[in-house]
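Participant: Got a file for you: query21.cif, mmCIF, C-alpha atoms.
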data_work
#
loop_
_atom_site.label_atom_id
_atom_site.label_comp_id
_atom_site.auth_asym_id
_atom_site.auth_seq_id
_atom_site.Cartn_x
_atom_site.Cartn_y
_atom_site.Cartn_z
CA MET A 1155 138.05 98.15 107.10
CA SER A 1156 136.61 95.48 109.40
CA LYS A 1157 135.18 92.30 107.99
CA ASN A 1158 131.73 93.26 109.31
CA ILE A 1159 131.69 96.48 107.35
CA LEU A 1160 133.20 94.75 104.33
CA ALA A 1161 130.51 92.04 104.39
CA ILE A 1162 127.70 94.56 104.69
CA ALA A 1163 129.29 96.80 102.05
CA ILE A 1164 129.54 93.89 99.59
CA ALA A 1165 125.93 92.89 100.29
CA THR A 1166 124.82 96.50 99.88
CA LEU A 1167 126.72 96.83 96.60
CA PHE A 1168 125.04 93.65 95.42
CA LEU A 1169 121.67 95.12 96.48
CA ILE A 1170 122.34 98.36 94.60
CA GLY A 1171 123.43 96.39 91.53
CA SER A 1172 120.37 94.20 91.68
CA ILE A 1173 118.07 97.22 92.04
CA ALA A 1174 119.73 98.77 88.97
CA TYR A 1175 119.37 95.47 87.09
CA ASN A 1176 115.74 95.20 88.18
CA TYR A 1177 115.02 98.78 87.09
CA SER A 1178 116.59 98.30 83.68
CA ALA A 1179 114.85 94.93 83.20
CA ARG A 1180 111.52 96.46 84.19
CA LYS A 1181 111.96 99.43 81.88
CA SER A 1182 112.98 97.21 79.00
CA TYR A 1183 110.02 94.93 79.83
CA GLU A 1184 107.56 97.82 79.72
CA ASP A 1185 108.98 99.21 76.46
CA ASN A 1186 109.02 95.81 74.81
CA LEU A 1187 105.59 94.93 76.13
CA ASN A 1188 104.13 98.13 74.69
CA ARG A 1189 105.84 97.47 71.37
CA ILE A 1190 104.70 93.84 71.22
CA ASN A 1191 101.14 94.64 72.30
CA ALA A 1192 100.95 97.45 69.74
CA GLN A 1193 102.09 95.06 67.00
CA ILE A 1194 99.68 92.34 68.07
CA ASP A 1195 96.78 94.83 68.26
CA ASP A 1196 97.75 96.20 64.85
CA ILE A 1197 97.77 92.74 63.30
CA LYS A 1198 94.45 91.82 64.92
CA TYR A 1199 92.90 95.07 63.72
CA ILE A 1200 94.13 94.52 60.15
CA LYS A 1201 92.96 90.91 60.18
CA ASN A 1202 89.56 92.06 61.37
CA LEU A 1203 89.38 94.71 58.63
CA LYS A 1204 90.40 92.10 56.06
CA ARG A 1205 87.76 89.70 57.36
CA VAL A 1206 85.02 92.35 57.28
CA TRP A 1207 85.95 93.48 53.77
CA SER A 1208 86.76 90.04 52.41
CA VAL A 1209 85.58 89.82 48.79
CA ARG A 1210 85.83 86.07 48.48
CA GLY A 1211 82.79 84.74 46.55
CA ILE A 1212 81.34 88.25 46.19
CA LYS A 1213 79.57 87.49 42.87
CA LYS A 1214 77.61 84.69 44.45
CA LYS A 1215 76.81 86.83 47.45
CA ILE A 1216 75.41 89.64 45.25
CA ASN A 1217 73.18 87.19 43.38
CA LYS A 1218 72.04 85.67 46.65
CA ALA A 1219 71.25 89.12 48.09
CA LEU A 1220 68.99 89.79 45.10
CA SER A 1221 67.37 86.36 45.03
CA GLY A 1222 64.12 87.82 46.46
CA VAL A 1223 63.73 90.10 43.43
CA PRO A 1224 61.85 88.53 40.48
CA ALA A 1225 64.12 87.82 37.53
CA LYS A 1226 62.12 90.02 35.17
CA SER A 1227 62.61 93.01 37.53
CA LYS A 1228 66.38 92.79 37.89
CA LYS A 1229 69.35 93.30 35.70
CA VAL A 1230 72.76 92.54 37.16
CA LEU A 1231 75.93 93.04 35.24
CA ILE A 1232 79.14 91.93 36.91
CA LYS A 1233 82.44 92.60 35.18
CA ARG A 1234 85.74 91.94 36.91
CA ARG A 1235 85.53 93.77 40.23
CA LYS A 1236 82.58 95.97 39.34
CA ALA A 1237 78.84 95.46 39.29
CA THR A 1238 75.93 97.43 37.84
CA ILE A 1239 72.60 96.56 39.36
CA SER A 1240 69.26 97.76 38.06
CA LEU A 1241 66.04 96.77 39.83
CA LYS A 1242 62.53 97.75 38.73
CA SER A 1243 58.94 97.36 39.87
CA LEU A 1244 59.87 96.82 43.50
CA ASN A 1245 57.42 97.17 46.31
CA GLU A 1246 58.55 98.81 49.52
CA ARG A 1247 59.30 95.55 51.27
CA THR A 1248 61.36 94.08 48.41
CA LEU A 1249 63.31 97.33 48.10
CA ASN A 1250 64.09 97.31 51.81
CA THR A 1251 65.25 93.68 51.75
CA ALA A 1252 67.39 94.12 48.64
CA LEU A 1253 68.96 97.33 49.91
CA SER A 1254 69.77 95.99 53.39
CA LYS A 1255 71.23 92.78 51.93
CA LEU A 1256 73.42 94.74 49.52
CA ALA A 1257 74.53 97.00 52.36
CA SER A 1258 75.63 93.98 54.37
CA LEU A 1259 78.06 92.97 51.59
CA PRO A 1260 81.67 94.25 51.57
CA ILE A 1261 81.15 96.33 48.44
CA ASN A 1262 81.84 99.97 47.78
CA PHE A 1263 78.76 101.88 46.68
CA ARG A 1264 79.95 104.18 43.91
CA GLU A 1265 76.46 105.22 42.85
CA LEU A 1266 73.13 104.49 44.47
CA LYS A 1267 69.83 105.86 43.32
CA VAL A 1268 66.29 104.99 44.36
CA ASP A 1269 63.20 106.54 42.77
CA LYS A 1270 59.53 106.00 43.33
CA SER A 1271 57.42 105.78 40.20
CA GLY A 1272 53.74 105.36 40.94
CA ASN A 1273 53.45 102.60 43.54
CA SER A 1274 56.75 100.92 42.72
CA TYR A 1275 60.41 101.70 43.21
CA GLU A 1276 63.39 101.57 40.93
CA LEU A 1277 66.93 101.06 42.17
CA GLU A 1278 70.15 101.65 40.34
CA CYS A 1279 73.48 100.86 41.86
CA LYS A 1280 77.07 100.82 40.71
CA CYS A 1281 79.54 99.21 43.05
CA ASP A 1282 83.01 97.69 43.13
CA TRP A 1283 85.19 95.73 45.57
CA MET B 107 129.58 92.46 132.04
CA VAL B 108 126.35 90.61 132.60
CA LEU B 109 125.45 89.03 135.91
CA SER B 110 123.79 85.72 135.50
CA LEU B 111 120.41 85.67 137.21
CA LEU B 112 119.94 81.96 136.98
CA SER B 113 121.76 79.40 139.05
CA SER B 114 124.08 77.41 136.84
CA LYS B 115 124.08 73.64 136.74
CA ASN B 116 127.08 73.36 134.46
CA GLU B 117 130.19 71.52 135.50
CA LEU B 118 132.32 73.87 137.63
CA ILE B 119 136.06 73.53 137.19
CA LEU B 120 138.97 75.36 138.75
CA LEU B 121 141.19 76.59 135.95
CA HIS B 122 144.89 76.59 136.77
CA LYS B 123 148.01 75.79 134.83
CA THR B 124 148.72 72.38 136.30
CA MET B 125 145.15 71.13 136.30
CA GLU B 126 144.19 67.66 135.18
CA LYS B 127 141.69 66.90 132.44
CA PRO B 128 138.23 67.75 133.76
CA LYS B 129 135.19 65.46 133.61
CA LYS B 130 133.48 65.49 130.24
CA ALA B 131 130.63 67.98 130.06
CA LYS B 132 128.81 69.96 127.44
CA ILE B 133 129.26 73.35 129.08
CA TYR B 134 131.78 74.28 131.75
CA ASP B 135 131.57 77.03 134.32
CA ILE B 136 135.06 78.20 135.06
CA MET B 137 136.50 79.32 138.38
CA LEU B 138 139.62 81.23 137.43
CA SER B 139 142.71 80.86 139.55
CA PRO B 140 144.90 84.01 139.98
CA GLN B 141 147.11 82.61 137.19
CA PHE B 142 144.46 83.80 134.69
CA TYR B 143 143.49 87.22 135.93
CA VAL B 144 144.78 90.25 137.75
CA ILE B 145 142.91 92.11 140.42
CA LYS B 146 143.37 95.43 142.11
CA LYS B 147 141.24 96.91 144.86
CA GLU B 148 140.85 100.67 145.22
CA LYS B 149 138.70 103.01 147.26
CA LEU B 150 137.22 105.40 144.76
CA PRO B 151 134.54 108.10 144.99
CA VAL B 152 132.55 106.64 142.08
CA LYS B 153 129.02 105.43 142.39
CA TYR B 154 128.29 103.39 139.29
CA ALA B 155 129.94 100.39 137.68
CA TYR B 156 130.12 102.03 134.24
CA GLN B 157 132.09 104.90 135.77
CA ALA B 158 134.43 102.49 137.50
CA LYS B 159 134.85 100.48 134.32
CA LYS B 160 136.04 103.58 132.49
CA LEU B 161 138.81 103.90 135.08
CA ALA B 162 139.81 100.23 134.80
CA PRO B 163 142.54 100.67 132.14
CA SER B 164 144.33 103.36 134.16
CA ILE B 165 143.98 101.44 137.45
CA LEU B 166 145.25 98.19 135.93
CA ASP B 167 147.77 99.85 133.67
CA ASP B 168 150.79 98.81 135.74
CA LEU B 169 149.57 95.19 135.95
CA ILE B 170 148.66 94.34 132.37
CA ASP B 171 149.40 95.45 128.89
CA PHE B 172 146.13 96.59 127.40
CA ALA B 173 147.57 96.27 123.95
CA GLY B 174 146.99 92.57 124.48
CA ARG B 175 143.34 91.69 124.58
CA HIS B 176 141.82 91.76 128.02
CA GLU B 177 138.32 91.85 129.35
CA THR B 178 137.73 93.93 132.45
CA ILE B 179 135.20 93.49 135.23
CA VAL B 180 134.48 95.75 138.18
CA LEU B 181 132.96 94.68 141.49
CA LYS B 182 131.85 96.84 144.36
CA ASN B 183 132.32 95.81 147.96
CA GLY B 184 131.34 98.65 150.29
CA ASP B 185 133.51 101.65 149.36
CA THR B 186 136.04 99.45 147.66
CA TRP B 187 136.01 98.66 143.97
CA SER B 188 137.69 95.49 142.69
CA PHE B 189 139.10 95.85 139.18
CA ILE B 190 139.63 92.51 137.46
CA ALA B 191 141.13 91.85 134.06
CA TYR B 192 141.41 88.51 132.34
CA SER B 193 142.75 87.36 129.03
CA PRO B 194 140.26 85.17 127.15
CA ILE B 195 143.05 83.98 124.87
CA GLU B 196 145.06 82.61 127.81
CA ILE B 197 141.95 80.89 129.20
CA GLU B 198 141.07 79.35 125.86
CA LYS B 199 144.66 78.19 125.29
CA GLN B 200 144.58 76.34 128.59
CA LEU B 201 141.18 74.79 127.91
CA PHE B 202 142.16 73.82 124.40
CA LYS B 203 144.69 71.41 125.92
CA PHE B 204 141.66 69.42 127.06
CA LYS B 205 139.83 69.95 123.75
CA ILE B 206 137.39 72.35 125.34
CA ASN B 207 136.31 75.13 122.99
CA ALA B 208 135.39 78.70 123.86
CA ASN B 209 131.74 78.03 123.05
CA GLN B 210 131.70 75.41 125.83
CA ILE B 211 132.40 78.04 128.45
CA GLY B 212 129.35 79.11 130.38
CA ASN B 213 129.84 81.48 133.29
CA ILE B 214 133.09 82.45 134.87
CA TYR B 215 134.01 83.16 138.47
CA PHE B 216 137.12 84.46 140.18
CA ILE B 217 138.68 82.72 143.13
CA ASP B 218 138.79 86.10 144.94
CA GLN B 219 135.00 85.86 145.13
CA ILE B 220 135.25 83.00 147.65
CA ALA B 221 137.72 84.59 150.07
CA ARG B 222 135.20 84.53 152.91
CA GLU B 223 134.08 80.93 152.31
CA VAL B 224 137.65 79.68 152.35
CA LYS B 225 138.59 81.79 155.45
CA GLY B 226 141.95 80.72 156.83
CA SER B 227 142.26 77.59 154.63
CA ALA B 228 144.11 77.17 151.38
CA ILE B 229 142.83 75.51 148.21
CA ASN B 230 144.90 72.60 146.99
CA LEU B 231 146.05 72.96 143.39
CA ASP B 232 148.67 70.22 142.78
CA ASP B 233 151.47 68.44 144.58
CA TYR B 234 153.44 71.63 145.10
CA ASN B 235 151.09 74.59 144.98
CA ALA B 236 148.00 75.91 146.67
CA ILE B 237 145.91 79.08 146.62
CA THR B 238 145.78 81.16 149.71
CA PHE B 239 144.68 84.69 150.49
CA VAL B 240 147.38 87.21 151.26
CA ASP B 241 146.16 90.68 152.29
CA GLY B 242 142.79 89.80 150.87
CA TYR B 243 144.18 88.76 147.44
CA ALA B 244 144.11 85.17 146.22
CA THR B 245 147.66 84.09 145.54
CA VAL B 246 149.30 80.87 144.28
CA VAL B 247 152.01 79.85 146.73
CA PRO B 248 154.18 76.73 147.26
CA LYS B 249 152.62 74.34 149.80
CA SER B 250 155.87 74.41 151.76
CA MET B 251 154.98 77.95 152.82
CA LEU B 252 151.61 76.79 154.24
CA LYS B 253 152.67 74.59 157.08
CA SER B 254 150.11 75.97 159.43
CA LYS B 255 147.23 76.22 156.97
CA HIS B 256 144.48 73.69 156.38
CA LEU B 257 144.25 72.52 152.74
CA ILE B 258 140.86 72.01 151.14
CA ARG B 259 139.87 70.54 147.81
CA PHE B 260 138.05 72.74 145.35
CA LYS B 261 134.42 71.57 145.06
CA SER B 262 131.32 72.75 143.26
CA ASN B 263 129.77 73.92 146.53
CA LEU B 264 132.31 76.76 146.45
CA ARG B 265 130.40 78.29 143.51
CA PRO B 266 129.95 82.05 144.23
CA LYS B 267 126.49 83.58 143.93
CA LYS B 268 127.60 86.14 141.37
CA SER B 269 128.63 84.80 138.00
CA PHE B 270 129.90 86.56 134.92
CA SER B 271 129.21 85.77 131.33
CA TYR B 272 132.32 84.86 129.47
CA LYS B 273 133.44 87.08 126.63
CA SER B 274 135.44 84.89 124.31
CA SER B 275 138.48 86.03 122.40
CA LYS B 276 136.44 85.64 119.20
CA VAL B 277 133.98 88.23 120.46
CA LEU B 278 136.85 90.52 121.42
CA ARG B 279 138.42 90.12 118.04
CA SER B 280 135.15 90.62 116.20
CA GLY B 281 135.69 94.37 116.16
CA ASN B 282 138.32 94.07 113.50
CA SER B 283 139.08 90.57 112.38
CA THR B 284 136.07 88.25 112.60
CA ILE B 285 132.65 88.67 111.10
CA SER B 286 130.01 88.91 113.80
CA THR B 287 126.78 86.93 113.59
CA SER B 288 124.70 90.09 113.34
CA ALA B 289 126.85 91.31 110.43
CA ILE B 290 126.43 87.95 108.72
CA VAL B 291 122.66 88.03 109.28
CA ALA B 292 122.43 91.63 108.05
CA SER B 293 124.55 90.81 104.98
CA ILE B 294 122.45 87.75 104.22
CA LEU B 295 119.22 89.74 104.56
CA ILE B 296 120.54 92.50 102.31
CA ALA B 297 121.81 89.92 99.81
CA MET B 298 118.46 88.12 99.92
CA LEU B 299 116.67 91.38 99.17
CA GLY B 300 119.09 91.91 96.29
CA GLY B 301 118.41 88.34 95.17
CA ALA B 302 114.69 89.08 95.13
CA PHE B 303 115.32 92.08 92.85
CA VAL B 304 117.51 89.98 90.55
CA PHE B 305 114.90 87.22 90.49
CA GLU B 306 112.15 89.69 89.64
CA GLY B 307 114.32 91.26 86.91
CA TYR B 308 115.03 87.81 85.49
CA ASP B 309 111.30 87.09 85.56
CA TYR B 310 110.67 90.21 83.47
CA LYS B 311 113.16 89.01 80.90
CA LYS B 312 111.60 85.54 80.82
CA ASP B 313 108.13 87.01 80.46
CA ILE B 314 109.13 89.29 77.60
CA ALA B 315 110.81 86.35 75.82
CA LYS B 316 107.46 84.50 75.99
CA LYS B 317 105.64 87.52 74.55
CA GLU B 318 108.24 87.75 71.76
CA ASP B 319 107.60 84.07 70.94
CA LYS B 320 103.87 84.75 70.83
CA LEU B 321 104.44 87.71 68.49
CA THR B 322 106.70 85.62 66.25
CA ALA B 323 104.00 82.93 66.07
CA ILE B 324 101.39 85.55 65.15
CA LEU B 325 103.69 87.06 62.51
CA ASP B 326 104.35 83.61 61.07
CA ASN B 327 100.60 83.22 60.59
CA SER B 328 100.20 86.70 59.17
CA ALA B 329 102.19 86.79 55.98
CA GLY B 330 103.24 90.24 54.81
CA MET B 331 102.52 91.95 58.12
CA GLY B 332 106.02 91.83 59.58
CA SER B 333 106.88 95.36 58.61
CA LYS B 334 105.15 98.38 60.10
CA LEU B 335 105.20 100.13 56.71
CA THR B 336 103.28 97.27 55.12
CA ARG B 337 100.78 97.20 57.97
CA ASP B 338 100.26 100.96 57.78
CA SER B 339 99.72 100.76 54.04
CA ILE B 340 97.12 97.96 54.45
CA LYS B 341 95.42 99.88 57.26
CA GLN B 342 95.28 103.05 55.21
CA LYS B 343 93.69 101.20 52.31
CA TYR B 344 91.00 99.59 54.44
CA GLU B 345 90.38 102.50 56.80
CA SER B 346 89.49 105.00 54.04
CA LYS B 347 87.11 102.44 52.56
CA GLU B 348 85.75 101.53 55.97
CA LYS B 349 85.01 105.14 56.94
CA GLU B 350 83.12 106.11 53.79
CA GLN B 351 81.23 102.87 53.27
CA ARG B 352 80.29 102.51 56.91
CA ALA B 353 78.85 106.05 56.78
CA ILE B 354 76.68 105.11 53.77
CA ARG B 355 75.36 102.04 55.58
CA GLU B 356 74.67 103.95 58.77
CA LEU B 357 72.75 106.63 56.85
CA LEU B 358 70.74 104.01 54.96
CA SER B 359 69.83 102.46 58.30
CA THR B 360 68.85 105.90 59.67
CA LEU B 361 66.65 106.65 56.65
CA SER B 362 65.01 103.29 57.03
CA GLY B 363 64.07 104.36 60.56
CA LEU B 364 62.46 107.56 59.19
CA SER B 365 60.35 105.67 56.69
CA SER B 366 56.80 104.75 57.75
CA LYS B 367 53.19 104.65 56.41
CA ARG B 368 52.96 108.40 56.97
CA SER B 369 56.43 109.23 55.66
CA ILE B 370 57.08 107.48 52.38
CA LEU B 371 60.42 107.46 50.60
CA GLN B 372 60.20 109.10 47.19
CA SER B 373 63.82 109.10 46.13
CA LEU B 374 67.31 108.43 47.44
CA LYS B 375 70.73 109.27 46.06
CA VAL B 376 74.31 108.76 47.14
CA ASP B 377 76.72 111.42 45.89
CA ASP B 378 80.42 111.80 46.52
CA ASP B 379 80.14 113.34 49.93
CA LYS B 380 76.47 113.12 50.91
CA LEU B 381 73.42 110.94 50.90
CA SER B 382 70.10 112.68 50.23
CA ALA B 383 66.54 111.40 50.28
CA VAL B 384 63.10 112.87 49.67
CA PHE B 385 60.13 111.76 51.76
CA SER B 386 56.48 112.46 51.23
CA VAL B 387 55.25 113.15 54.72
CA ASP B 388 51.71 113.30 56.07
CA SER B 389 50.88 116.81 57.40
CA LYS B 390 50.23 115.36 60.89
CA GLU B 391 53.58 113.65 60.87
CA ILE B 392 55.76 116.55 59.68
CA LYS B 393 56.65 117.85 63.14
CA HIS B 394 57.57 114.44 64.44
CA PHE B 395 59.53 113.65 61.25
CA LYS B 396 61.59 116.83 61.54
CA ALA B 397 62.32 116.21 65.20
CA LEU B 398 63.44 112.67 64.43
CA ALA B 399 65.65 113.85 61.54
CA SER B 400 67.28 116.41 63.85
CA THR B 401 68.12 113.80 66.46
CA LYS B 402 69.80 111.72 63.71
CA ASN B 403 72.01 114.72 62.76
CA LEU B 404 70.32 115.06 59.37
CA THR B 405 69.60 118.39 57.71
CA TYR B 406 66.17 118.81 56.20
CA LYS B 407 64.30 121.15 53.89
CA GLN B 408 60.54 121.14 53.52
CA SER B 409 58.69 121.94 50.33
CA GLY B 410 54.95 121.31 50.69
CA ASP B 411 54.44 117.76 51.89
CA LYS B 412 57.89 116.81 50.63
CA ILE B 413 60.87 116.87 52.96
CA ARG B 414 64.39 116.52 51.69
CA VAL B 415 66.89 115.16 54.20
CA GLU B 416 70.63 115.06 53.81
CA GLY B 417 73.44 113.40 55.72
CA SER B 418 77.17 113.89 55.27
CA LEU B 419 79.45 110.97 54.36
CA LYS B 420 82.59 112.74 55.59
#
How does this structure look as structure tokens?
Facilitator:
Amino acid sequence: MSKNILAIAIATLFLIGSIAYNYSARKSYEDNLNRINAQIDDIKYIKNLKRVWSVRGIKKKINKALSGVPAKSKKVLIKRRKATISLKSLNERTLNTALSKLASLPINFRELKVDKSGNSYELECKCDW
Amino acid sequence: MVLSLLSSKNELILLHKTMEKPKKAKIYDIMLSPQFYVIKKEKLPVKYAYQAKKLAPSILDDLIDFAGRHETIVLKNGDTWSFIAYSPIEIEKQLFKFKINANQIGNIYFIDQIAREVKGSAINLDDYNAITFVDGYATVVPKSMLKSKHLIRFKSNLRPKKSFSYKSSKVLRSGNSTISTSAIVASILIAMLGGAFVFEGYDYKKDIAKKEDKLTAILDNSAGMGSKLTRDSIKQKYESKEKEQRAIRELLSTLSGLSSKRSILQSLKVDDDKLSAVFSVDSKEIKHFKALASTKNLTYKQSGDKIRVEGSLK
């Protein structure tokens, strides 16, 4: 075999090897990238869920949400991770405010009942977190 | 064989075995004495040089051994073809005595080319020898045989019009023992392309290492989320809660949109799988109310001025 052919053959072998290396590196890159991105997305998603449903200072938040309701019209009982809320003599506006504020809290509504009696509303709610 | 189309201004030297060291020059044009080539003239019925060149080995067979490396040249003069063969190795050996390398050789000429210019004279070579033309062939003969002939010195004005590019022994050998420039260039280009692939592959590896570092940093700041099982368990816990409770909030928001001065909420209740509400609706508003409820994917049931709407939490 002449040196010319040998030189080109060696260079070509190197080229083939480098293409194979490149292909395997690229494949491994894509697989790893998908895995890493999936993990990062997963963690971000969980963190976001945790942030949305964070129950830190929930008692205070419930009381604050009901601060617009006169004391004589509300009865709030909070025990461990459960709350029973009873609101009476609410006008339409107060009911709307109280309900939307409660809905914005990360609590689970287990029972929710609203009834109109005459011109006022009554609300009963059992929730936990 | 390539004829030079440009007039050469290189130093012209007459190459013979007893020559003295030539003047220093960058490139030399060489006039070969008969000591460095063989020539044979034949009348042949061939028209083209390439055809004649194919015949050169058989014509010159009795003069040279083609196993040794020779370069052949053919020249046409009327019906007669001149077949010339020279050995680049012999030429280079002679020049090497004066530290002249093959790459310093420009064009070459053959002393037979100047037979007409020299006419009846002889060209002086050294103290004992001269070149003369015998039967039209340049021949080295002792001066003692040239009593009647006029001796001239070889000068650059004896440069023939036709020149030939010199094919060095390295070029001749390149077929099987030396790497040619084009092969080197091709190999380098192929290797460079390969290098680019390797570089790109290495870049992928570097990039993924950076991403791994980023993931490690995120995991370090997210205690308890390293394992997929743990993450799935946390997700499951929050997702079931998220789905149900988000549905309640969306329905509450929808019912709020249905409520107005002409459609007043009477009662509302959240059960396990549905949220239901009763509205007292003005007779003029009933049609509009029902249409609105339908667009919000709520089912409704009318009983007098009361309309009961329901939405699923599933």
Participant: Which is closer to chain A than all the others in B:Ala228, B:Val387, B:Leu419, B:Ala289, using all atoms listed in the file?
Facilitator: B:Ala289
Participant: Please enclose the listed atoms of stretch 182-199 of chain B in an axis-aligned box, pad each side by 5 Å, and write out the centre and the three edge lengths in Å, rounded to one decimal, as JSON.
Facilitator:
{"center_x": 138.2, "center_y": 89.9, "center_z": 137.6, "size_x": 23.7, "size_y": 33.5, "size_z": 35.4}
Participant: Specify as a tab-separated table (two decimals) with C-alpha atoms, keeping the file's coordinate frame all residues of chain A found within 7 Å of chain B, counting only C-alpha atoms.
Facilitator:
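Produced file iface-v6.tsv, reproduced below:
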chain	number	residue	atom	x	y	z
A	1156	SER	CA	136.61	95.48	109.40
A	1157	LYS	CA	135.18	92.30	107.99
A	1158	ASN	CA	131.73	93.26	109.31
A	1161	ALA	CA	130.51	92.04	104.39
A	1162	ILE	CA	127.70	94.56	104.69
A	1165	ALA	CA	125.93	92.89	100.29
A	1166	THR	CA	124.82	96.50	99.88
A	1168	PHE	CA	125.04	93.65	95.42
A	1169	LEU	CA	121.67	95.12	96.48
A	1172	SER	CA	120.37	94.20	91.68
A	1173	ILE	CA	118.07	97.22	92.04
A	1175	TYR	CA	119.37	95.47	87.09
A	1176	ASN	CA	115.74	95.20	88.18
A	1179	ALA	CA	114.85	94.93	83.20
A	1180	ARG	CA	111.52	96.46	84.19
A	1183	TYR	CA	110.02	94.93	79.83
A	1187	LEU	CA	105.59	94.93	76.13
A	1190	ILE	CA	104.70	93.84	71.22
A	1194	ILE	CA	99.68	92.34	68.07
A	1200	ILE	CA	94.13	94.52	60.15
A	1203	LEU	CA	89.38	94.71	58.63
A	1257	ALA	CA	74.53	97.00	52.36
A	1262	ASN	CA	81.84	99.97	47.78
A	1265	GLU	CA	76.46	105.22	42.85
A	1266	LEU	CA	73.13	104.49	44.47
A	1267	LYS	CA	69.83	105.86	43.32
A	1268	VAL	CA	66.29	104.99	44.36
A	1269	ASP	CA	63.20	106.54	42.77
A	1270	LYS	CA	59.53	106.00	43.33
Participant: What does the structure give for the distance between atom CA of A:Arg1205 and atom CA of B:Asp319, in Å to one decimal?
Facilitator: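 Calculated distance between atom CA of A:Arg1205 and atom CA of B:Asp319 is 24.7 Å.
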Participant: Using the chain letters and numbers from the file, which residues does the PyMOL selection byres ((chain A and resi 1215-1222) around 12) grab, as a PyMOL selection string?
Facilitator: chain A and resi 1208-1214+1223-1232+1236-1241+1244-1245+1247-1261+1277+1279+1281-1283
Participant: Do a neighbour search on B:Phe216 at 9 Å with all atoms listed in the file, toss out local chain neighbours closer than 5 positions, and write the hits as a PDB file with C-alpha atoms, in the frame of the given file.
Facilitator:
ATOM      1  CA  ILE B 136     135.060  78.200 135.060  1.00  0.00           C
ATOM      2  CA  MET B 137     136.500  79.320 138.380  1.00  0.00           C
ATOM      3  CA  LEU B 138     139.620  81.230 137.430  1.00  0.00           C
ATOM      4  CA  SER B 139     142.710  80.860 139.550  1.00  0.00           C
ATOM      5  CA  PRO B 140     144.900  84.010 139.980  1.00  0.00           C
ATOM      6  CA  TYR B 143     143.490  87.220 135.930  1.00  0.00           C
ATOM      7  CA  ILE B 190     139.630  92.510 137.460  1.00  0.00           C
ATOM      8  CA  PRO B 266     129.950  82.050 144.230  1.00  0.00           C
ATOM      9  CA  SER B 269     128.630  84.800 138.000  1.00  0.00           C
TER      10      SER B 269
END
Participant: Identify, on the basis of all atoms listed in the file, every residue whose closest approach to stretch 196-200 of chain B does not exceed 10 Å; exclude the query and any residue fewer than 5 positions from it along the same chain; express the result as a PyMOL selection string.
Facilitator: chain B and resi 121-125+136+138+141-143+175-176+205-209+211+274-275
Participant: Under the rule that all atoms listed in the file are counted, which of B:Ala353, B:Ile133, B:Ala323, B:Leu118 is the nearest residue to B:Gln210?
Facilitator: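 So, comparing all the options, the nearest one is B:Ile133.
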Participant: Between atom CA of B:Asp232 and atom CA of B:Lys129, what distance in Å does the model show, to one decimal?
Facilitator: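 Result for atom CA of B:Asp232 versus atom CA of B:Lys129: 17.0 Å, one decimal.
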Participant: What does the structure give for the distance between atom CA of B:Ala399 and atom CA of B:Phe385, in Å to one decimal?
Facilitator: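 About the pair atom CA of B:Ala399 and atom CA of B:Phe385: they are 11.4 Å apart.
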Participant: Assuming the chain letters and numbering stay as they are in my file, what does the PyMOL selection byres ((chain B and resi 395) around 12) actually select? List them as a PyMOL selection string.
Facilitator: chain B and resi 361+363-366+368-370+385-394+396-402+404-408+411-415
Participant: Nearest to B:Lys343: which of A:Glu1278, A:Asn1273, A:Arg1235, A:Trp1207 is it, counting all atoms listed in the file?
Facilitator: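 Answer, going by the shortest atom-to-atom distance: A:Trp1207.
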Participant: When distances are computed from all atoms listed in the file, which of A:Val1206, A:Arg1264, A:Lys1280, A:Gln1193 shows the smallest separation from A:Lys1233?
Facilitator: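 That would be A:Lys1280, the residue with the smallest distance to A:Lys1233.
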Participant: Determine the residue membership of the PyMOL selection byres ((chain B and resi 166) around 9) for the file above and supply it as an MDAnalysis selection string.
Facilitator: chainID B and resid 144:146 161:165 167:172 189:191
Participant: How would stretch 382-388 of chain B look with N, CA and C atoms restored, written as a PDB file, keeping the file's coordinate frame?
Facilitator:
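Printed below is result.pdb as written:
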ATOM      1  N   SER B 382      71.323 111.879  50.088  1.00  0.00           N
ATOM      2  CA  SER B 382      70.100 112.680  50.230  1.00  0.00           C
ATOM      3  C   SER B 382      68.878 111.836  49.891  1.00  0.00           C
ATOM      4  N   ALA B 383      67.776 112.153  50.529  1.00  0.00           N
ATOM      5  CA  ALA B 383      66.540 111.400  50.280  1.00  0.00           C
ATOM      6  C   ALA B 383      65.356 112.356  50.388  1.00  0.00           C
ATOM      7  N   VAL B 384      64.320 112.047  49.616  1.00  0.00           N
ATOM      8  CA  VAL B 384      63.100 112.870  49.670  1.00  0.00           C
ATOM      9  C   VAL B 384      61.975 111.987  50.182  1.00  0.00           C
ATOM     10  N   PHE B 385      61.264 112.509  51.193  1.00  0.00           N
ATOM     11  CA  PHE B 385      60.130 111.760  51.760  1.00  0.00           C
ATOM     12  C   PHE B 385      58.852 112.553  51.527  1.00  0.00           C
ATOM     13  N   SER B 386      57.801 111.834  51.286  1.00  0.00           N
ATOM     14  CA  SER B 386      56.480 112.460  51.230  1.00  0.00           C
ATOM     15  C   SER B 386      55.861 112.216  52.607  1.00  0.00           C
ATOM     16  N   VAL B 387      55.631 113.299  53.325  1.00  0.00           N
ATOM     17  CA  VAL B 387      55.250 113.150  54.720  1.00  0.00           C
ATOM     18  C   VAL B 387      53.831 113.673  54.961  1.00  0.00           C
ATOM     19  N   ASP B 388      53.057 112.913  55.688  1.00  0.00           N
ATOM     20  CA  ASP B 388      51.710 113.300  56.070  1.00  0.00           C
ATOM     21  C   ASP B 388      51.790 114.585  56.902  1.00  0.00           C
TER      22      ASP B 388
END
